[in-house]
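Structure file data_30.cif (mmCIF, C-alpha atoms and all ligand atoms) is printed below.
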data_coords
loop_
_atom_site.label_atom_id
_atom_site.label_comp_id
_atom_site.auth_asym_id
_atom_site.auth_seq_id
_atom_site.Cartn_x
_atom_site.Cartn_y
_atom_site.Cartn_z
CA MET Z 1 -3.11 -17.93 4.13
CA ALA Z 2 -1.99 -15.22 1.66
CA ARG Z 3 -4.78 -13.40 -0.20
CA ILE Z 4 -2.85 -13.45 -3.44
CA VAL Z 5 0.52 -14.81 -4.52
CA TYR Z 6 3.07 -12.29 -5.75
CA ASP Z 7 4.50 -14.50 -8.48
CA ASP Z 8 5.93 -13.43 -11.85
CA ARG Z 9 2.51 -12.63 -13.37
CA THR Z 10 1.17 -10.50 -10.52
CA ALA Z 11 4.56 -8.84 -9.97
CA ALA Z 12 4.77 -7.91 -13.68
CA ALA Z 13 1.23 -6.43 -13.61
CA PHE Z 14 2.01 -4.52 -10.41
CA ALA Z 15 5.27 -3.16 -11.78
CA ALA Z 16 3.56 -2.09 -15.01
CA THR Z 17 0.60 -0.26 -13.52
CA ARG Z 18 0.85 0.58 -9.82
CA HIS Z 19 3.66 3.14 -9.80
CA LEU Z 20 2.39 6.63 -9.00
CA ALA Z 21 3.62 9.59 -11.03
CA PRO Z 22 5.32 12.48 -9.12
CA ASP Z 23 1.91 14.29 -8.93
CA GLY Z 24 0.40 11.33 -7.12
CA LEU Z 25 3.31 11.00 -4.71
CA ALA Z 26 3.40 14.70 -3.74
CA SER Z 27 0.55 14.60 -1.21
CA TRP Z 28 2.18 11.59 0.45
CA ARG Z 29 5.53 13.35 0.65
CA ALA Z 30 4.02 16.01 2.91
CA ALA Z 31 1.87 13.59 4.93
CA VAL Z 32 4.76 11.19 5.61
CA ALA Z 33 7.10 14.02 6.64
CA ARG Z 34 4.65 15.04 9.37
CA HIS Z 35 5.28 11.75 11.18
CA LEU Z 36 8.44 9.98 10.01
CA PRO Z 37 11.89 11.06 11.22
CA THR Z 38 13.47 12.50 8.06
CA THR Z 39 16.79 13.73 9.38
CA ALA Z 40 19.93 12.48 7.63
CA GLY Z 41 20.99 9.10 8.90
CA ALA Z 42 17.58 8.04 10.22
CA ARG Z 43 17.02 4.33 9.44
CA VAL Z 44 13.55 3.62 8.09
CA LEU Z 45 11.97 0.26 7.21
CA ASP Z 46 9.82 -0.08 4.09
CA LEU Z 47 8.01 -3.32 4.94
CA GLY Z 48 6.48 -5.28 2.06
CA ALA Z 49 8.34 -2.88 -0.20
CA GLY Z 50 7.10 -4.53 -3.42
CA THR Z 51 8.82 -3.02 -6.44
CA GLY Z 52 10.51 -0.31 -4.40
CA THR Z 53 8.38 2.75 -5.28
CA TRP Z 54 8.35 4.14 -1.75
CA ALA Z 55 11.89 3.13 -0.79
CA THR Z 56 13.12 5.01 -3.86
CA ALA Z 57 10.95 8.04 -3.09
CA PHE Z 58 11.92 8.23 0.61
CA HIS Z 59 15.59 7.93 -0.26
CA ALA Z 60 15.25 10.81 -2.74
CA TRP Z 61 13.00 13.03 -0.59
CA TYR Z 62 14.46 12.75 2.88
CA ASP Z 63 18.07 11.63 2.90
CA VAL Z 64 17.16 8.72 5.19
CA ASP Z 65 18.60 5.19 5.01
CA VAL Z 66 15.83 2.91 3.78
CA VAL Z 67 15.81 -0.82 4.57
CA ALA Z 68 13.39 -2.39 2.07
CA VAL Z 69 12.11 -5.82 3.14
CA GLU Z 70 10.04 -7.87 0.70
CA PRO Z 71 9.27 -11.62 0.70
CA SER Z 72 8.46 -12.08 -2.99
CA ALA Z 73 11.48 -12.78 -5.22
CA ALA Z 74 9.38 -11.75 -8.25
CA MET Z 75 8.66 -8.32 -6.72
CA ARG Z 76 12.28 -7.86 -5.61
CA ALA Z 77 13.48 -8.72 -9.12
CA ARG Z 78 11.41 -5.83 -10.53
CA SER Z 79 12.42 -3.31 -7.90
CA GLY Z 80 13.80 0.06 -8.89
CA TYR Z 81 15.37 0.29 -5.42
CA PRO Z 82 18.70 -1.54 -5.51
CA GLU Z 83 19.00 -2.86 -1.97
CA MET Z 84 16.02 -5.14 -1.38
CA VAL Z 85 16.18 -7.60 1.51
CA GLY Z 86 14.24 -10.87 1.44
CA GLY Z 87 12.10 -11.31 4.57
CA ARG Z 88 8.63 -11.40 6.09
CA ALA Z 89 6.88 -9.06 8.49
CA GLU Z 90 6.38 -11.86 11.02
CA ALA Z 91 10.14 -12.60 11.28
CA LEU Z 92 12.12 -9.51 10.30
CA PRO Z 93 15.78 -10.12 9.44
CA LEU Z 94 16.75 -7.04 11.46
CA ALA Z 95 18.39 -6.35 14.83
CA ALA Z 96 16.47 -5.22 17.89
CA ALA Z 97 16.01 -1.44 18.33
CA SER Z 98 17.72 -0.74 14.99
CA LEU Z 99 15.01 1.37 13.25
CA ASP Z 100 13.74 4.96 13.57
CA GLY Z 101 10.46 4.34 11.77
CA ALA Z 102 8.48 1.86 9.67
CA TRP Z 103 6.32 2.30 6.56
CA LEU Z 104 3.76 -0.24 5.36
CA SER Z 105 2.02 0.70 2.11
CA THR Z 106 -0.95 -1.44 1.01
CA VAL Z 107 0.49 -4.39 2.90
CA ILE Z 108 -1.54 -4.69 6.11
CA HIS Z 109 -4.35 -6.74 4.47
CA HIS Z 110 -1.74 -9.31 3.39
CA LEU Z 111 -0.67 -9.98 7.00
CA PRO Z 112 -3.02 -12.47 8.69
CA ASP Z 113 -1.10 -12.55 12.00
CA LEU Z 114 -1.17 -8.88 13.01
CA PRO Z 115 -0.09 -9.49 16.64
CA ALA Z 116 3.06 -11.27 15.37
CA VAL Z 117 3.82 -8.36 13.00
CA ALA Z 118 3.24 -5.79 15.75
CA ALA Z 119 5.57 -7.72 18.05
CA GLU Z 120 8.32 -7.76 15.38
CA LEU Z 121 7.94 -4.01 14.84
CA ARG Z 122 8.06 -3.45 18.62
CA ARG Z 123 11.28 -5.47 18.73
CA THR Z 124 13.03 -3.72 15.83
CA LEU Z 125 11.90 -0.10 16.35
CA ARG Z 126 13.60 2.18 18.84
CA HIS Z 127 11.40 3.44 21.68
CA GLY Z 128 9.03 6.17 20.43
CA ALA Z 129 9.66 5.44 16.71
CA PRO Z 130 6.50 5.57 14.54
CA VAL Z 131 4.76 2.98 12.39
CA LEU Z 132 3.05 4.54 9.34
CA ILE Z 133 0.38 2.42 7.65
CA ARG Z 134 -0.95 3.49 4.23
CA SER Z 135 -4.05 1.47 3.45
CA VAL Z 136 -7.69 1.10 2.67
CA PHE Z 137 -9.28 -0.21 5.87
CA ALA Z 138 -12.55 -2.12 6.26
CA GLY Z 139 -15.43 0.37 6.41
CA ARG Z 140 -13.31 3.15 4.84
CA GLY Z 141 -13.12 2.23 1.14
CA GLY Z 142 -15.33 5.05 -0.12
CA GLY Z 143 -12.41 7.15 -1.37
CA ILE Z 144 -11.22 4.61 -3.95
CA SER Z 145 -12.43 5.57 -7.42
CA LEU Z 146 -12.19 2.02 -8.85
CA PHE Z 147 -15.03 0.95 -6.57
CA ARG Z 148 -17.42 3.23 -8.49
CA TRP Z 149 -17.03 0.90 -11.45
CA PHE Z 150 -16.45 -2.27 -9.42
CA PRO Z 151 -18.85 -1.87 -6.45
CA GLU Z 152 -18.49 -5.56 -5.49
CA ALA Z 153 -14.79 -4.90 -4.81
CA LEU Z 154 -15.87 -2.79 -1.85
CA TRP Z 155 -17.21 -5.99 -0.26
CA VAL Z 156 -13.72 -7.49 -0.60
CA VAL Z 157 -12.36 -4.49 1.30
CA GLU Z 158 -14.78 -5.30 4.11
CA SER Z 159 -12.62 -8.40 4.73
CA TYR Z 160 -9.51 -6.20 5.21
CA PRO Z 161 -8.48 -5.29 8.78
CA SER Z 162 -10.34 -2.32 10.25
CA VAL Z 163 -8.54 0.58 11.94
CA ALA Z 164 -9.78 -0.78 15.30
CA GLU Z 165 -8.37 -4.27 14.60
CA VAL Z 166 -4.97 -2.90 13.60
CA CYS Z 167 -4.87 -0.60 16.64
CA ALA Z 168 -5.81 -3.48 18.97
CA ALA Z 169 -2.96 -5.67 17.63
CA PHE Z 170 -0.42 -2.86 18.04
CA GLU Z 171 -1.75 -1.71 21.43
CA GLY Z 172 -1.14 -5.27 22.63
CA VAL Z 173 2.63 -4.64 22.42
CA GLY Z 174 2.67 -1.05 23.64
CA PHE Z 175 1.99 1.13 20.58
CA ALA Z 176 -0.75 3.78 20.65
CA PRO Z 177 -2.51 5.40 17.65
CA VAL Z 178 -1.52 9.05 17.17
CA ALA Z 179 -3.07 9.98 13.79
CA LEU Z 180 -5.53 8.82 11.15
CA GLU Z 181 -5.41 11.06 8.07
CA PRO Z 182 -7.17 10.57 4.73
CA VAL Z 183 -4.63 11.48 2.01
CA PRO Z 184 -5.87 12.20 -1.54
CA GLN Z 185 -3.56 11.24 -4.41
CA VAL Z 186 -3.71 11.63 -8.20
CA SER Z 187 -3.64 7.99 -9.32
CA ALA Z 188 -3.87 8.72 -13.06
CA ALA Z 189 -3.83 11.87 -15.16
CA SER Z 190 -7.09 10.88 -16.87
CA LEU Z 191 -9.86 8.31 -16.63
CA ARG Z 192 -9.07 7.18 -20.18
CA GLU Z 193 -5.46 6.48 -19.18
CA ALA Z 194 -6.65 4.59 -16.07
CA ALA Z 195 -9.08 2.49 -18.15
CA ASP Z 196 -6.45 1.74 -20.79
CA ARG Z 197 -3.80 0.60 -18.34
CA LEU Z 198 -6.06 -1.28 -15.89
CA ARG Z 199 -4.64 -4.73 -15.11
CA ARG Z 200 -6.77 -6.96 -12.93
CA LEU Z 201 -3.74 -8.80 -11.58
CA ALA Z 202 -2.38 -5.59 -10.07
CA HIS Z 203 -5.33 -5.03 -7.68
CA THR Z 204 -6.14 -7.50 -4.90
CA PRO Z 205 -9.86 -6.52 -4.63
CA LEU Z 206 -10.33 -7.01 -8.41
CA LEU Z 207 -8.53 -10.37 -8.37
CA LEU Z 208 -10.92 -11.62 -5.70
CA LEU Z 209 -14.08 -10.65 -7.66
CA ASP Z 210 -15.92 -13.20 -9.74
CA ASP Z 211 -15.37 -12.91 -13.48
CA ALA Z 212 -18.86 -11.62 -14.32
CA ASP Z 213 -18.60 -8.78 -11.77
CA TYR Z 214 -15.17 -7.91 -13.12
CA ALA Z 215 -16.42 -7.85 -16.75
CA ARG Z 216 -19.37 -5.60 -15.79
CA GLY Z 217 -16.98 -3.24 -13.99
CA VAL Z 218 -14.70 -2.97 -17.01
CA ARG Z 219 -17.71 -2.03 -19.18
CA ARG Z 220 -18.80 0.64 -16.63
CA MET Z 221 -15.29 2.07 -16.40
CA ARG Z 222 -14.85 2.23 -20.20
CA ALA Z 223 -18.26 3.87 -20.63
CA ALA Z 224 -17.36 6.50 -18.00
CA ALA Z 225 -13.98 7.06 -19.68
CA GLY Z 226 -15.84 7.65 -22.96
CA ARG Z 227 -18.00 10.33 -21.30
CA THR Z 228 -15.25 12.14 -19.32
CA PRO Z 229 -11.93 10.95 -20.79
CA ASP Z 230 -9.85 13.80 -19.34
CA ALA Z 231 -11.07 13.66 -15.74
CA PRO Z 232 -8.08 13.13 -13.41
CA VAL Z 233 -8.39 10.06 -11.19
CA VAL Z 234 -8.12 10.98 -7.52
CA ASP Z 235 -8.15 8.31 -4.81
CA THR Z 236 -8.11 8.83 -1.07
CA MET Z 237 -6.40 6.31 1.19
CA ASP Z 238 -5.74 6.45 4.92
CA LEU Z 239 -2.51 7.07 6.76
CA LEU Z 240 -2.66 5.47 10.23
CA VAL Z 241 0.23 6.33 12.55
CA LEU Z 242 1.09 4.53 15.80
CA ARG Z 243 3.93 5.13 18.25
C1 LIG Z 301 0.07 -4.40 -2.83
S1 LIG Z 301 1.79 -4.81 -2.68
C2 LIG Z 301 2.44 -3.27 -2.06
C3 LIG Z 301 3.88 -3.04 -2.40
C4 LIG Z 301 4.46 -1.69 -1.92
N1 LIG Z 301 4.39 -1.58 -0.49
C5 LIG Z 301 3.76 -0.53 -2.59
O1 LIG Z 301 2.95 0.16 -1.95
O2 LIG Z 301 4.03 -0.28 -3.78
C6 LIG Z 301 1.81 -5.83 -1.23
C7 LIG Z 301 3.19 -6.36 -0.88
O3 LIG Z 301 3.13 -7.02 0.39
C8 LIG Z 301 4.04 -8.09 0.35
N2 LIG Z 301 3.75 -9.05 1.43
C9 LIG Z 301 2.85 -10.06 1.42
N3 LIG Z 301 2.94 -10.79 2.55
C10 LIG Z 301 3.94 -10.22 3.29
C11 LIG Z 301 4.53 -10.53 4.55
N4 LIG Z 301 4.11 -11.57 5.30
N5 LIG Z 301 5.53 -9.74 4.99
C12 LIG Z 301 5.96 -8.67 4.26
N6 LIG Z 301 5.44 -8.36 3.06
C13 LIG Z 301 4.43 -9.11 2.58
C14 LIG Z 301 3.81 -8.67 -1.04
O4 LIG Z 301 4.85 -9.56 -1.43
C15 LIG Z 301 3.71 -7.41 -1.88
O5 LIG Z 301 4.93 -7.00 -2.38
#

If you convert what's in this file into structure tokens, what do you get?
Ligand SMILES: C[S@@+](CC[C@H](N)C(=O)[O-])C[C@H]1O[C@@H](n2cnc3c(N)ncnc32)[C@H](O)[C@@H]1O
Amino acid sequence: MARIVYDDRTAAAFAATRHLAPDGLASWRAAVARHLPTTAGARVLDLGAGTGTWATAFHAWYDVDVVAVEPSAAMRARSGYPEMVGGRAEALPLAAASLDGAWLSTVIHHLPDLPAVAAELRRTLRHGAPVLIRSVFAGRGGGISLFRWFPEALWVVESYPSVAEVCAAFEGVGFAPVALEPVPQVSAASLREAADRLRRLAHTPLLLLDDADYARGVRRMRAAAGRTPDAPVVDTMDLLVLR
């Protein structure tokens, strides 16, 4: 079962608050280029592309052809990337051996049948093509600043797949892990800005908290923003690469 439904309300909150500014994307530009084929004409899948942030960025940065697949009509409707394809990770609407790489950003915890997803990526990727997974994994949520104010959300992350679980699913169809890199990003220019634009609906771990824990977290975050309003918000997520 899906953790959350990407309907009009969640899609609107996501579109309004989860886009990273160029500063935040810069560290990912370098990290992705270390692993993804970026030569002109390479065909790259953005799986669970959401509102198209990464498809747009990859297209601009690397001159690659991006195929953006996203199941939610509400997310596709808000996409800044024009060519969104409806589809699910477990049954990709793509030909065999037609891709030079795949990118999954904050999607892996929404995919309950990881072996089925790994098998679809094995089918659609050319031999040796990489899968890049940007995520918070179980046991590795310490780099997310929101969890300072919402510590109970870290327990939600413990229900996400671990690196070992993801690797086991992909190893089952012939992939092997080649890198695990923590990548820091600037998520907001200031803590005040982050507190002002926080939308619960845009963050799966906050949606799954109970209301009292969420309300306490908001008070903690606002109090911290009052003390250090100009502190930039830096979060560190993992990049897991398999080939
Ligand atoms: C947190 S959003 C991330 C969106 C985008 N990748 C980003 O980083 O901005 C998670 C996305 O995963 C998508 N998703 C959920 N279940 C999926 C599935 N079975 N196959 C592909 N995408 C899925 C959701 O519709 C949603 O757009």

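Counting from atom CA of Arg29 of chain Z, the distance to atom CA of His203 of chain Z is 22.9 Å.
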
Worksheet item: Can you tell me, as number ranges by chain, what residues are no more than 9 Å from Ala15 of chain Z when counting all atoms listed in the file, ignoring any on the same chain fewer than 5 positions away?
Response: Z: 10, 50-51, 75, 78-79, 202

Worksheet item: Rounded to one decimal in Å, what is the spacing between atom CA of Ala91 of chain Z and atom C9 of ligand LIG 301 (chain Z)?
Response: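 Atom CA of Ala91 of chain Z sits 12.5 Å away from atom C9 of ligand LIG 301 (chain Z).
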
Worksheet item: When you draw a straight line from atom C1 of ligand LIG 301 (chain Z) to atom CA of Glu83 of chain Z, how long is it in Å?
Response: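 Going from atom C1 of ligand LIG 301 (chain Z) over to atom CA of Glu83 of chain Z covers 19.0 Å.
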
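Comparing Z:Ala55, Z:Val32, Z:Val117, Z:Leu20 by their smallest distance to Val183 of chain Z, the closest is Z:Val32 (using only C-alpha atoms).
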
Using the file's own x, y and z axes, so that the box edges lie along x, y and z, what centre and edge lengths in Å (one decimal) does a box around every listed atom of ligand LIG 301 (chain Z) get when 5 Å is added on each side? Give it as JSON.
{"center_x": 3.0, "center_y": -5.7, "center_z": 0.8, "size_x": 15.9, "size_y": 21.7, "size_z": 19.1}

Practice prompt. List the neighbours of segment 234-237 of chain Z out to 7 Å using all atoms listed in the file; skip same-chain residues closer than 2 positions along the sequence, and give me the result as a list in words.
Written response: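 The residues satisfying every condition are Arg134, Ser135, Val136, Gly143, Ile144, Ser145, Pro182, Val183, Pro184, Gln185, Val186, Ser187, Pro232 and Leu239 of chain Z.
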
Worksheet entry | Shell of 10 Å around ligand LIG 301 (chain Z) (only C-alpha atoms and all ligand atoms), written as a ChimeraX atom specification | /Z:1-7,10-11,14-15,18-20,46-55,68-76,79,86-92,103-114,117,133-135,202-204

Using the selection just defined, write its residues with C-alpha atoms as an mmCIF file, keeping the file's coordinate frame.
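Ended up saving to result-v4.cif:
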data_model
loop_
_atom_site.group_PDB
_atom_site.id
_atom_site.type_symbol
_atom_site.label_atom_id
_atom_site.label_comp_id
_atom_site.auth_asym_id
_atom_site.auth_seq_id
_atom_site.Cartn_x
_atom_site.Cartn_y
_atom_site.Cartn_z
ATOM 1 C CA MET Z 1 -3.110 -17.930 4.130
ATOM 2 C CA ALA Z 2 -1.990 -15.220 1.660
ATOM 3 C CA ARG Z 3 -4.780 -13.400 -0.200
ATOM 4 C CA ILE Z 4 -2.850 -13.450 -3.440
ATOM 5 C CA VAL Z 5 0.520 -14.810 -4.520
ATOM 6 C CA TYR Z 6 3.070 -12.290 -5.750
ATOM 7 C CA ASP Z 7 4.500 -14.500 -8.480
ATOM 8 C CA THR Z 10 1.170 -10.500 -10.520
ATOM 9 C CA ALA Z 11 4.560 -8.840 -9.970
ATOM 10 C CA PHE Z 14 2.010 -4.520 -10.410
ATOM 11 C CA ALA Z 15 5.270 -3.160 -11.780
ATOM 12 C CA ARG Z 18 0.850 0.580 -9.820
ATOM 13 C CA HIS Z 19 3.660 3.140 -9.800
ATOM 14 C CA LEU Z 20 2.390 6.630 -9.000
ATOM 15 C CA ASP Z 46 9.820 -0.080 4.090
ATOM 16 C CA LEU Z 47 8.010 -3.320 4.940
ATOM 17 C CA GLY Z 48 6.480 -5.280 2.060
ATOM 18 C CA ALA Z 49 8.340 -2.880 -0.200
ATOM 19 C CA GLY Z 50 7.100 -4.530 -3.420
ATOM 20 C CA THR Z 51 8.820 -3.020 -6.440
ATOM 21 C CA GLY Z 52 10.510 -0.310 -4.400
ATOM 22 C CA THR Z 53 8.380 2.750 -5.280
ATOM 23 C CA TRP Z 54 8.350 4.140 -1.750
ATOM 24 C CA ALA Z 55 11.890 3.130 -0.790
ATOM 25 C CA ALA Z 68 13.390 -2.390 2.070
ATOM 26 C CA VAL Z 69 12.110 -5.820 3.140
ATOM 27 C CA GLU Z 70 10.040 -7.870 0.700
ATOM 28 C CA PRO Z 71 9.270 -11.620 0.700
ATOM 29 C CA SER Z 72 8.460 -12.080 -2.990
ATOM 30 C CA ALA Z 73 11.480 -12.780 -5.220
ATOM 31 C CA ALA Z 74 9.380 -11.750 -8.250
ATOM 32 C CA MET Z 75 8.660 -8.320 -6.720
ATOM 33 C CA ARG Z 76 12.280 -7.860 -5.610
ATOM 34 C CA SER Z 79 12.420 -3.310 -7.900
ATOM 35 C CA GLY Z 86 14.240 -10.870 1.440
ATOM 36 C CA GLY Z 87 12.100 -11.310 4.570
ATOM 37 C CA ARG Z 88 8.630 -11.400 6.090
ATOM 38 C CA ALA Z 89 6.880 -9.060 8.490
ATOM 39 C CA GLU Z 90 6.380 -11.860 11.020
ATOM 40 C CA ALA Z 91 10.140 -12.600 11.280
ATOM 41 C CA LEU Z 92 12.120 -9.510 10.300
ATOM 42 C CA TRP Z 103 6.320 2.300 6.560
ATOM 43 C CA LEU Z 104 3.760 -0.240 5.360
ATOM 44 C CA SER Z 105 2.020 0.700 2.110
ATOM 45 C CA THR Z 106 -0.950 -1.440 1.010
ATOM 46 C CA VAL Z 107 0.490 -4.390 2.900
ATOM 47 C CA ILE Z 108 -1.540 -4.690 6.110
ATOM 48 C CA HIS Z 109 -4.350 -6.740 4.470
ATOM 49 C CA HIS Z 110 -1.740 -9.310 3.390
ATOM 50 C CA LEU Z 111 -0.670 -9.980 7.000
ATOM 51 C CA PRO Z 112 -3.020 -12.470 8.690
ATOM 52 C CA ASP Z 113 -1.100 -12.550 12.000
ATOM 53 C CA LEU Z 114 -1.170 -8.880 13.010
ATOM 54 C CA VAL Z 117 3.820 -8.360 13.000
ATOM 55 C CA ILE Z 133 0.380 2.420 7.650
ATOM 56 C CA ARG Z 134 -0.950 3.490 4.230
ATOM 57 C CA SER Z 135 -4.050 1.470 3.450
ATOM 58 C CA ALA Z 202 -2.380 -5.590 -10.070
ATOM 59 C CA HIS Z 203 -5.330 -5.030 -7.680
ATOM 60 C CA THR Z 204 -6.140 -7.500 -4.900
#

Worksheet item: In terms of the shortest atom-to-atom distance over all atoms listed in the file, which of Z:Val131, Z:Leu146, Z:Ala57, Z:Ala116 is closest to Pro177 of chain Z?
Response: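 Distance minimum relative to Pro177 of chain Z lands on Z:Val131.
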
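When all atoms listed in the file are used to compute distances to Leu209 of chain Z, the closest of the residues Z:Glu181, Z:Glu152, Z:Asp230, Z:Asp196 turns out to be Z:Glu152.
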
Response to the item:
Using only C-alpha atoms, the shortest atom-to-atom distance to Pro115 of chain Z among Z:Leu207, Z:Val163, Z:Ala138, Z:Val173 belongs to Z:Val173

Worksheet item: Counting only C-alpha atoms, which residues come within 8 Å of (-0.7, 0.7, -17.6), with the point read in the file's coordinates, and could you list them as number ranges by chain?
Response: Z: 16-18, 193-194, 196-199

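Closest approach to Val241 of chain Z among Z:Arg9, Z:Arg122, Z:His35, Z:Arg192: Z:His35, based on all atoms listed in the file.
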
Item to complete: Pick out the residues sitting within 9 Å of Ala195 of chain Z, and hand them over as a list of chain:residue names; count only C-alpha atoms, and ignore anything fewer than 6 positions along from it in its own chain.
Response: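 Contacts, with the query itself left out: Z:Val218, Z:Met221, Z:Arg222, Z:Ala225.
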
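Distances to Val233 of chain Z were evaluated for Z:Asp23, Z:Pro161, Z:Cys167, Z:Thr56 using all atoms listed in the file, and the minimum falls at Z:Asp23.
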
Item to complete: Please write as a PyMOL selection string the list of polymer residues whose atoms come within 12 Å of (-15.9, -8.8, -8.8), counting only C-alpha atoms and keeping to the coordinates of the file.
Response: chain Z and resi 146-147+149-157+200+203-218
